[in-house]
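S.K.: So that we are looking at the same thing, I have put the structure below in structure tokens.
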Amino acid sequence: MKKIWFSLFFIPILLITACVPDPQHASFSLAKSSLARELSPDVSDAQIAALARANSTFAFDVYSLVRGDYENIVFSPFSLSLALGMALAGAEGNTRQEMLEALSLDDLAEIDPAFNALLLALENSQQELKDEDEQSTFQLNIANSAWGQAGFDISQAYLDILASQYGAGIYQVDYSTDHEAARQLINDWVEDETKDKIKDLIPQGALTPLTRLVLANAIYFKGGWMHPFLEDGTRDASFTLLDGSETTVDMMRMAEEDLAYAAGDDYQAVFLPYKSRDFAMLLILPGEGEFSGVEAKLDADMLAGLVEEMQYLPVRLRMPKFDFETSISANDVLQQLGMIEAFIPDGADFSGITTEDPLYISDVIHKATITVDEEGTEAAAATAIILATKSMPVNDPIDLVFNRPFIYAIMHQPTGTLLFLGRVVNP
């Protein structure tokens, strides 16, 4: 069986385990707190749920702002919120308040420990699966790295947060005299961690002699379907586009399975589990002519209500294979969400990271790819944030055919965390 995975990156904000880059690329030193990763953060299940809910709100806020600019969409709201959460750990004053509101985190306390607890919950889901099935085709790994200017003074308190809540230190490179070498070093790390799926994440010109910090994170996700589509069941079929025209797609077919299913007045929805019961792809199929209306009302409340209404019913599912990429200008999106000051050279306050030079966010770069086929899902996403100075009858099977535009999400079901979110309007 072919290997299936998600790979996901963030550059300037890291995630879980510090990954030491290949020493052959360059020499560097490490600035790191003496604190160990906190493996039992004092965070309640309610706090984790509140953070996941805030992340969902942020996810749909971003989706609503980008849906008019792209046909097919894939992005990772989870990584985007994590990346920005890492920058948030060093933000102060109004810069911090704007970031909190943009990320829908303004009502949450103990944000860094909550992110740590959420990430540990994801890791533990994977560990449970390994314990049960060493040969499983599902795997989730999270890695991170941080790249700072050599000799640049980073606050000890910030280093402590990176170490205790995110398990990371800062690798020191030299942007001031050879920013291109630093760019290549970071891009090589990204390429290696994404199994060559993301190349040249940081483009030429994005780093300058004034760059002071790049935080990078990677998620590797390998997900085979719990119920694979029939190997010989894929057929050419018609798919109706938003303008009413039709195109031909490779339509996959699944044998009748009991799946978590829900239906509203203008949509049907189903969960397709991966080979870990904790992770699944949520598919939402608006009724004919209802796509725009359903898409416009998508939010965290609708998602929560939809999931709550799910019940296991026999479903005969057909859906198209799809494969596409999205690049998002996250700078514009975040500013539309009210995160203004962080991008202003003379206005941003990241004094929680350093007081040596005032920092601001110069770029937030996000790219994602996804491939869905008979066996599972393969996806990769990359983000760079660069800090510079200055119901149906139960007894009858439901025939659910995704032959028109639909919305999807990859979810960690125990916490409700959205790992990926997007839509397919032209497979």
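In the structure tokens, the first chain shown is A, the next is B, and so on; residue numbers restart at 1 for each chain, and ligands run from 1 in the order shown.
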At a cut-off of 8 Å, using only C-alpha atoms, what residues contact segment 329-339 of chain A? Leave out same-chain residues fewer than 3 positions from it and give the result as a list in words.
M.R.: Asp61, Val62, Leu65, Val66, Thr95, Glu98, Met99, Glu101, Ala102, Ala342, Phe343, Asp363, Val364, Ile365 and His366 of chain A
S.K.: Those selected residues, please, written with N, CA and C atoms and delivered as a short mmCIF file (atom, residue, chain, number, x, y, z; two decimals), in the first residue's frame.
M.R.:
data_model
loop_
_atom_site.label_atom_id
_atom_site.label_comp_id
_atom_site.auth_asym_id
_atom_site.auth_seq_id
_atom_site.Cartn_x
_atom_site.Cartn_y
_atom_site.Cartn_z
N ASP A 61 -12.83 32.27 10.28
CA ASP A 61 -12.58 33.68 9.96
C ASP A 61 -11.63 33.78 8.77
N VAL A 62 -10.55 33.00 8.80
CA VAL A 62 -9.60 33.01 7.68
C VAL A 62 -10.27 32.50 6.42
N LEU A 65 -12.35 34.96 4.59
CA LEU A 65 -11.61 36.04 3.92
C LEU A 65 -10.89 35.57 2.67
N VAL A 66 -10.58 34.29 2.57
CA VAL A 66 -9.83 33.82 1.40
C VAL A 66 -10.71 33.14 0.36
N THR A 95 -0.02 45.36 20.69
CA THR A 95 0.33 44.33 19.71
C THR A 95 -0.22 42.98 20.16
N GLU A 98 -4.20 42.93 19.98
CA GLU A 98 -4.70 42.75 18.62
C GLU A 98 -4.52 41.31 18.15
N MET A 99 -3.40 40.70 18.50
CA MET A 99 -3.16 39.31 18.11
C MET A 99 -4.14 38.38 18.82
N GLU A 101 -7.14 39.06 19.83
CA GLU A 101 -8.47 39.21 19.23
C GLU A 101 -8.53 38.58 17.84
N ALA A 102 -7.49 38.75 17.05
CA ALA A 102 -7.47 38.15 15.70
C ALA A 102 -7.52 36.64 15.78
N ALA A 342 1.31 44.52 14.69
CA ALA A 342 2.42 43.58 14.60
C ALA A 342 3.23 43.74 13.32
N PHE A 343 2.61 44.32 12.27
CA PHE A 343 3.28 44.48 10.98
C PHE A 343 3.91 45.87 10.80
N ASP A 363 6.71 39.24 7.19
CA ASP A 363 6.00 38.36 6.26
C ASP A 363 5.39 37.17 6.98
N VAL A 364 4.20 36.78 6.54
CA VAL A 364 3.60 35.52 6.93
C VAL A 364 3.29 34.78 5.63
N ILE A 365 4.05 33.72 5.37
CA ILE A 365 3.98 33.00 4.10
C ILE A 365 3.33 31.64 4.35
N HIS A 366 2.28 31.33 3.60
CA HIS A 366 1.59 30.05 3.79
C HIS A 366 1.33 29.38 2.44
#
S.K.: Can you check which residues of segment 244-347 of chain A DSSP gives as strand (DSSP E) on the backbone and send them as a ChimeraX atom specification?
M.R.: /A:246-253,257-263,267-274,276-286,311-320,322-329
S.K.: Could those selected residues go to a file with C-alpha atoms, as an mmCIF file, in the first residue's frame?
M.R.:
data_model
loop_
_atom_site.group_PDB
_atom_site.id
_atom_site.type_symbol
_atom_site.label_atom_id
_atom_site.label_comp_id
_atom_site.auth_asym_id
_atom_site.auth_seq_id
_atom_site.Cartn_x
_atom_site.Cartn_y
_atom_site.Cartn_z
ATOM 1 C CA GLU A 246 -19.978 20.113 -15.893
ATOM 2 C CA THR A 247 -16.555 18.523 -15.848
ATOM 3 C CA THR A 248 -15.437 14.904 -15.760
ATOM 4 C CA VAL A 249 -13.750 13.604 -12.600
ATOM 5 C CA ASP A 250 -12.348 10.331 -11.269
ATOM 6 C CA MET A 251 -15.195 9.356 -8.940
ATOM 7 C CA MET A 252 -14.182 6.940 -6.175
ATOM 8 C CA ARG A 253 -16.635 4.439 -4.715
ATOM 9 C CA GLU A 257 -20.146 1.347 5.561
ATOM 10 C CA ASP A 258 -21.563 2.587 8.845
ATOM 11 C CA LEU A 259 -20.314 6.183 8.995
ATOM 12 C CA ALA A 260 -20.991 9.155 11.254
ATOM 13 C CA TYR A 261 -23.573 11.146 9.277
ATOM 14 C CA ALA A 262 -25.735 14.234 9.713
ATOM 15 C CA ALA A 263 -28.128 16.174 7.506
ATOM 16 C CA TYR A 267 -26.492 20.086 3.524
ATOM 17 C CA GLN A 268 -25.358 16.537 4.255
ATOM 18 C CA ALA A 269 -22.190 15.725 6.185
ATOM 19 C CA VAL A 270 -20.135 12.631 6.892
ATOM 20 C CA PHE A 271 -16.943 11.668 8.734
ATOM 21 C CA LEU A 272 -14.393 9.476 6.928
ATOM 22 C CA PRO A 273 -12.093 8.043 9.630
ATOM 23 C CA TYR A 274 -8.384 7.471 9.106
ATOM 24 C CA SER A 276 -6.691 6.113 13.874
ATOM 25 C CA ARG A 277 -10.114 6.573 15.382
ATOM 26 C CA ASP A 278 -9.031 9.980 16.704
ATOM 27 C CA PHE A 279 -8.612 11.551 13.237
ATOM 28 C CA ALA A 280 -11.108 11.892 10.402
ATOM 29 C CA MET A 281 -11.964 13.919 7.321
ATOM 30 C CA LEU A 282 -15.242 15.803 7.633
ATOM 31 C CA LEU A 283 -17.046 16.259 4.307
ATOM 32 C CA ILE A 284 -19.904 18.743 3.947
ATOM 33 C CA LEU A 285 -22.036 18.517 0.801
ATOM 34 C CA PRO A 286 -24.368 21.518 0.344
ATOM 35 C CA GLN A 311 -25.078 9.363 14.175
ATOM 36 C CA TYR A 312 -23.789 6.149 12.634
ATOM 37 C CA LEU A 313 -25.811 5.152 9.594
ATOM 38 C CA PRO A 314 -25.164 2.913 6.569
ATOM 39 C CA VAL A 315 -23.732 5.071 3.786
ATOM 40 C CA ARG A 316 -22.781 4.314 0.176
ATOM 41 C CA LEU A 317 -20.277 7.048 -0.595
ATOM 42 C CA ARG A 318 -18.912 8.366 -3.860
ATOM 43 C CA MET A 319 -16.468 11.268 -4.048
ATOM 44 C CA PRO A 320 -13.876 12.555 -6.538
ATOM 45 C CA PHE A 322 -8.534 15.667 -5.919
ATOM 46 C CA ASP A 323 -5.078 17.171 -5.892
ATOM 47 C CA PHE A 324 -4.258 20.891 -5.665
ATOM 48 C CA GLU A 325 -2.218 23.605 -3.974
ATOM 49 C CA THR A 326 -3.043 26.941 -2.357
ATOM 50 C CA SER A 327 -0.740 29.860 -1.510
ATOM 51 C CA ILE A 328 -2.238 32.447 0.833
ATOM 52 C CA SER A 329 -1.098 35.986 1.568
#
S.K.: For a test of reading the model, state the distance in Å between atom CA of Asp232 of chain A and atom CA of Met254 of chain A, rounded to one decimal.
M.R.: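 Computing the Euclidean distance for atom CA of Asp232 of chain A and atom CA of Met254 of chain A yields 10.4 Å.
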S.K.: Which one is closest to Pro397 of chain A: A:Trp225, A:Ala255, A:Leu82, A:Pro345? Count only C-alpha atoms.
M.R.: A:Ala255
S.K.: How many Å separate atom CA of Leu419 of chain A from atom CA of Thr194 of chain A?
M.R.: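 Separation of atom CA of Leu419 of chain A and atom CA of Thr194 of chain A: 15.8 Å.
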S.K.: Identify, on the basis of only C-alpha atoms, every residue whose closest approach to Ile353 of chain A does not exceed 6 Å; exclude the query and any residue fewer than 5 positions from it along the same chain; express the result as a list in words.
M.R.: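 The neighbour list is Gly90, Ile154, Ser155 and Tyr158 of chain A.
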S.K.: Enter the distance from atom CA of Glu256 of chain A to atom CA of Glu295 of chain A, in Å, rounded to one decimal.
M.R.: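 Spanning atom CA of Glu256 of chain A to atom CA of Glu295 of chain A is a straight-line distance of 28.0 Å.
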